[in-house]
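Visitor: Quick one: the structure is below, and I'll ask about it shortly.
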Amino acid sequence: MASRLLPCSLIVPSLAALPSYCEALRRGWSPDNTRSVAGAEELARIERDPAGFVAALDDPGGRGGPVTLPDGSVVPRLPGFRRWIWDGEVAGSIGFRWQPGTVDLPAHVLGHIGYAVVPWKRNRGYATAALRLLLADLRAEGLPARGLRHVELTADPGNPASQRVITANGGRLVDRFAKDAVYGGGETFRYRIDL
């Protein structure tokens, strides 16, 4: 399968790559699969403070402002960071979040890792490659030695493409559960990938 993956890398968000990111947002892409308005919100934040926006995407201390959930409720931000999927331009985004001291996540957090590929580059292996690269980075950072021995990701039953991305990277189905009410309930699958 690796031979079918397009060459892409993960880059730390930067002011140099920000115009490409903005172009993807202007074309209607949202980096948040649960909130379609997130793209417009990000464009507004970028317009107000481009450097602050970029800096806020790398927040290992969880010091950024609160997070707005799909139902409009607001919760504290977890530590985390986002990387842009890059092939000469922004092809998507992948993020990692965690709760210090535990592998567990709050009920309103669907998984440690979330990703979104721009619509015009989907079904080409970008998400599979991005997840593979992020997992390699997490392992290289020594997270298993610090107690984070696995990560969890979720995929809805009606999203077989995301299920394939996860299983192609070693994910195994561990649970079917009803999503928190802030995400509208409904069944989803929880996968685990060992680090």
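For the structure tokens, the naming scheme is as follows: chains receive sequential letters (A, B, ...) according to their order of presentation, residues are indexed from 1 within each chain, and ligands are indexed from 1 in presentation order.
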Please report as a tab-separated table every residue of region 9-54 of chain A lying within 10 Å of region 97-120 of chain A, along with the nearest atom pair and their distance in Å (one decimal), using only C-alpha atoms.

Guide:
```
residue	atom	partner	partner_atom	distance
A:Ala24	CA	A:Val118	CA	7.0
A:Leu25	CA	A:Val118	CA	9.0
A:Arg27	CA	A:Val118	CA	9.1
A:Gly28	CA	A:Val118	CA	8.9
A:Trp29	CA	A:Val118	CA	5.8
A:Ser30	CA	A:Ala116	CA	7.7
A:Pro31	CA	A:Ala116	CA	5.5
A:Asp32	CA	A:Ala116	CA	6.9
A:Asn33	CA	A:Ala116	CA	6.6
```

Visitor: Pull the strand (DSSP E or B) assignments for region 36-190 of chain A out of DSSP run on the backbone, and list those residues as an mmCIF file with N, CA and C atoms, in the first residue's frame.

Guide:
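Wrote it out as out_21.cif, contents follow:
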```cif
data_model
loop_
_atom_site.group_PDB
_atom_site.id
_atom_site.type_symbol
_atom_site.label_atom_id
_atom_site.label_comp_id
_atom_site.auth_asym_id
_atom_site.auth_seq_id
_atom_site.Cartn_x
_atom_site.Cartn_y
_atom_site.Cartn_z
ATOM 1 N N ASP A 58 0.392 25.349 17.814
ATOM 2 C CA ASP A 58 1.371 24.515 18.520
ATOM 3 C C ASP A 58 1.260 24.880 19.997
ATOM 4 N N ASP A 59 0.423 24.144 20.737
ATOM 5 C CA ASP A 59 0.081 24.507 22.105
ATOM 6 C C ASP A 59 0.225 23.312 23.052
ATOM 7 N N VAL A 67 -12.265 25.979 23.596
ATOM 8 C CA VAL A 67 -12.686 25.353 22.346
ATOM 9 C C VAL A 67 -14.212 25.367 22.293
ATOM 10 N N THR A 68 -14.757 25.768 21.138
ATOM 11 C CA THR A 68 -16.198 25.736 20.939
ATOM 12 C C THR A 68 -16.573 24.411 20.299
ATOM 13 N N VAL A 74 -18.679 25.599 25.319
ATOM 14 C CA VAL A 74 -17.266 25.953 25.335
ATOM 15 C C VAL A 74 -16.582 25.162 26.445
ATOM 16 N N VAL A 75 -15.416 24.576 26.108
ATOM 17 C CA VAL A 75 -14.659 23.770 27.072
ATOM 18 C C VAL A 75 -13.198 24.218 27.060
ATOM 19 N N GLY A 80 -1.995 20.270 22.880
ATOM 20 C CA GLY A 80 -2.003 19.644 21.562
ATOM 21 C C GLY A 80 -1.243 20.455 20.532
ATOM 22 N N PHE A 81 -1.227 19.934 19.342
ATOM 23 C CA PHE A 81 -0.617 20.661 18.230
ATOM 24 C C PHE A 81 -1.244 20.193 16.935
ATOM 25 N N ARG A 82 -1.087 21.027 15.919
ATOM 26 C CA ARG A 82 -1.572 20.698 14.597
ATOM 27 C C ARG A 82 -0.415 20.783 13.616
ATOM 28 N N ARG A 83 -0.437 19.895 12.660
ATOM 29 C CA ARG A 83 0.521 19.914 11.552
ATOM 30 C C ARG A 83 -0.260 20.016 10.260
ATOM 31 N N TRP A 84 0.333 20.688 9.277
ATOM 32 C CA TRP A 84 -0.312 20.779 7.973
ATOM 33 C C TRP A 84 0.233 19.688 7.071
ATOM 34 N N ILE A 85 -0.652 19.061 6.350
ATOM 35 C CA ILE A 85 -0.272 18.057 5.359
ATOM 36 C C ILE A 85 0.162 18.842 4.122
ATOM 37 N N TRP A 86 1.370 18.586 3.657
ATOM 38 C CA TRP A 86 2.005 19.438 2.657
ATOM 39 C C TRP A 86 2.513 18.621 1.475
ATOM 40 N N VAL A 90 -0.872 23.304 0.996
ATOM 41 C CA VAL A 90 -1.607 22.648 2.080
ATOM 42 C C VAL A 90 -2.628 21.686 1.483
ATOM 43 N N ALA A 91 -2.509 20.425 1.891
ATOM 44 C CA ALA A 91 -3.420 19.371 1.439
ATOM 45 C C ALA A 91 -4.363 18.938 2.556
ATOM 46 N N GLY A 92 -4.185 19.496 3.735
ATOM 47 C CA GLY A 92 -5.028 19.138 4.869
ATOM 48 C C GLY A 92 -4.345 19.460 6.175
ATOM 49 N N SER A 93 -4.890 18.895 7.231
ATOM 50 C CA SER A 93 -4.418 19.169 8.579
ATOM 51 C C SER A 93 -4.588 17.908 9.417
ATOM 52 N N ILE A 94 -3.662 17.710 10.353
ATOM 53 C CA ILE A 94 -3.771 16.602 11.291
ATOM 54 C C ILE A 94 -3.341 17.127 12.663
ATOM 55 N N GLY A 95 -4.090 16.763 13.673
ATOM 56 C CA GLY A 95 -3.790 17.273 15.002
ATOM 57 C C GLY A 95 -3.720 16.159 16.033
ATOM 58 N N PHE A 96 -2.990 16.450 17.094
ATOM 59 C CA PHE A 96 -2.821 15.519 18.212
ATOM 60 C C PHE A 96 -3.125 16.282 19.492
ATOM 61 N N ARG A 97 -3.930 15.693 20.358
ATOM 62 C CA ARG A 97 -4.260 16.295 21.648
ATOM 63 C C ARG A 97 -4.207 15.210 22.714
ATOM 64 N N GLN A 99 -4.442 14.495 27.316
ATOM 65 C CA GLN A 99 -4.711 14.963 28.663
ATOM 66 C C GLN A 99 -3.515 14.549 29.515
ATOM 67 N N THR A 102 -2.505 10.933 31.725
ATOM 68 C CA THR A 102 -3.393 9.807 31.484
ATOM 69 C C THR A 102 -3.575 9.591 29.984
ATOM 70 N N ILE A 113 -6.284 11.925 17.968
ATOM 71 C CA ILE A 113 -5.866 12.419 16.655
ATOM 72 C C ILE A 113 -7.097 12.688 15.802
ATOM 73 N N GLY A 114 -7.059 13.814 15.121
ATOM 74 C CA GLY A 114 -8.095 14.153 14.156
ATOM 75 C C GLY A 114 -7.429 14.675 12.894
ATOM 76 N N TYR A 115 -8.023 14.413 11.766
ATOM 77 C CA TYR A 115 -7.430 14.866 10.501
ATOM 78 C C TYR A 115 -8.516 15.246 9.523
ATOM 79 N N ALA A 116 -8.147 16.087 8.579
ATOM 80 C CA ALA A 116 -9.063 16.507 7.519
ATOM 81 C C ALA A 116 -8.235 16.831 6.282
ATOM 82 N N VAL A 117 -8.589 16.231 5.171
ATOM 83 C CA VAL A 117 -7.914 16.465 3.889
ATOM 84 C C VAL A 117 -8.816 17.356 3.050
ATOM 85 N N HIS A 150 -0.773 4.166 23.758
ATOM 86 C CA HIS A 150 -1.625 4.050 22.565
ATOM 87 C C HIS A 150 -2.361 5.368 22.345
ATOM 88 N N VAL A 151 -2.887 5.516 21.149
ATOM 89 C CA VAL A 151 -3.762 6.637 20.835
ATOM 90 C C VAL A 151 -5.095 6.065 20.367
ATOM 91 N N GLU A 152 -6.136 6.856 20.553
ATOM 92 C CA GLU A 152 -7.457 6.459 20.106
ATOM 93 C C GLU A 152 -7.955 7.440 19.063
ATOM 94 N N LEU A 153 -8.645 6.894 18.052
ATOM 95 C CA LEU A 153 -9.260 7.669 16.988
ATOM 96 C C LEU A 153 -10.669 7.132 16.804
ATOM 97 N N THR A 154 -11.566 7.960 16.312
ATOM 98 C CA THR A 154 -12.924 7.496 16.057
ATOM 99 C C THR A 154 -13.277 7.703 14.590
ATOM 100 N N ALA A 155 -14.190 6.896 14.134
ATOM 101 C CA ALA A 155 -14.720 7.003 12.774
ATOM 102 C C ALA A 155 -16.167 6.543 12.804
ATOM 103 N N ARG A 172 -7.019 -0.932 15.537
ATOM 104 C CA ARG A 172 -7.920 -2.056 15.751
ATOM 105 C C ARG A 172 -9.158 -1.536 16.469
ATOM 106 N N LEU A 173 -10.297 -2.037 16.036
ATOM 107 C CA LEU A 173 -11.567 -1.627 16.619
ATOM 108 C C LEU A 173 -11.651 -2.147 18.049
ATOM 109 N N VAL A 174 -11.909 -1.247 18.991
ATOM 110 C CA VAL A 174 -11.986 -1.656 20.389
ATOM 111 C C VAL A 174 -13.357 -1.388 21.011
ATOM 112 N N ASP A 175 -14.185 -0.577 20.321
ATOM 113 C CA ASP A 175 -15.430 -0.191 20.965
ATOM 114 C C ASP A 175 -16.378 0.441 19.949
ATOM 115 N N ARG A 176 -17.664 0.234 20.169
ATOM 116 C CA ARG A 176 -18.721 0.982 19.494
ATOM 117 C C ARG A 176 -19.430 1.719 20.608
ATOM 118 N N PHE A 177 -19.660 3.011 20.415
ATOM 119 C CA PHE A 177 -20.282 3.770 21.489
ATOM 120 C C PHE A 177 -21.119 4.907 20.914
ATOM 121 N N ALA A 178 -21.966 5.466 21.747
ATOM 122 C CA ALA A 178 -22.757 6.638 21.364
ATOM 123 C C ALA A 178 -21.928 7.881 21.662
ATOM 124 N N GLU A 187 -24.044 6.500 16.876
ATOM 125 C CA GLU A 187 -22.999 5.511 17.086
ATOM 126 C C GLU A 187 -21.727 5.879 16.322
ATOM 127 N N THR A 188 -20.610 5.566 16.926
ATOM 128 C CA THR A 188 -19.325 5.703 16.256
ATOM 129 C C THR A 188 -18.423 4.567 16.716
ATOM 130 N N PHE A 189 -17.329 4.390 16.008
ATOM 131 C CA PHE A 189 -16.358 3.334 16.329
ATOM 132 C C PHE A 189 -15.116 3.962 16.945
ATOM 133 N N ARG A 190 -14.591 3.311 17.986
ATOM 134 C CA ARG A 190 -13.332 3.741 18.586
ATOM 135 C C ARG A 190 -12.247 2.744 18.187
#
```

Visitor: Rank A:Gly88, A:Gly171, A:Pro70, A:Pro79 by their smallest atom-to-atom distance to Tyr21 (chain A), using only C-alpha atoms, and report the top residue only.

Guide: A:Gly88

Visitor: Just the number, please: distance in Å from CA of Ala51 (chain A) to CA of Ala38 (chain A), one decimal.

Guide: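 Pair CA of Ala51 (chain A) / CA of Ala38 (chain A) returns 18.3 Å.
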
Visitor: From the options A:Ala181, A:Ala56, A:Val165, A:Leu143, which residue's atoms come nearest to Asn123 (chain A), counting only C-alpha atoms?

Guide: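 The shortest atom-to-atom distance to Asn123 (chain A) comes from A:Val165.
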
Visitor: Rank nothing, just name the residue among A:Leu15, A:Ala136, A:Tyr191, A:Ala161 nearest to Arg124 (chain A), using only C-alpha atoms.

Guide: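 Going through A:Leu15, A:Ala136, A:Tyr191, A:Ala161 one by one, the smallest distance to Arg124 (chain A) is for A:Ala161.
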
Visitor: Mind listing the helix (DSSP H, G or I) residues of region 37-73 of chain A, per DSSP on the backbone, as a list in words?

Guide: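 Restricting region 37-73 of chain A to helix (DSSP H, G or I) produces Ala38, Gly39, Ala40, Glu41, Glu42, Leu43, Ala44, Arg45, Ile46, Glu47, Arg48, Pro50, Ala51, Gly52, Phe53, Val54, Ala55 and Ala56 of chain A.
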
Visitor: Quick one: residues within 7 Å of Arg149 (chain A), only C-alpha atoms counted, chain neighbours fewer than 2 positions away excluded, as a PyMOL selection string?

Guide: chain A and resi 143-144+147+194-195

Visitor: Could those selected residues go to a file with C-alpha atoms, as a short mmCIF file (atom, residue, chain, number, x, y, z; two decimals), in the first residue's frame?

Guide:
```
data_model
loop_
_atom_site.label_atom_id
_atom_site.label_comp_id
_atom_site.auth_asym_id
_atom_site.auth_seq_id
_atom_site.Cartn_x
_atom_site.Cartn_y
_atom_site.Cartn_z
CA LEU A 143 5.53 9.03 24.27
CA PRO A 144 5.23 5.31 25.13
CA GLY A 147 2.84 6.57 29.70
CA ASP A 194 -0.34 1.11 19.84
CA LEU A 195 2.64 3.42 20.03
#
```

Visitor: Closest to Pro7 (chain A) among A:Gly185, A:Gly170, A:Gly125, A:Gly62, using only C-alpha atoms?

Guide: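 Ranked by minimum distance to Pro7 (chain A), first place goes to A:Gly125.
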
Visitor: Could you check the closest approach to Tyr183 (chain A) for each of A:Asp71, A:Asp156, A:Glu42, A:Asp49 and tell me which residue wins, using only C-alpha atoms?

Guide: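 Selected residue with least distance to Tyr183 (chain A): A:Asp71.
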
Visitor: Can you work out which one of A:Ala129, A:Cys22, A:Ala55, A:Ile193 has the shortest atom-to-atom distance to Leu10 (chain A), counting only C-alpha atoms?

Guide: A:Ala129
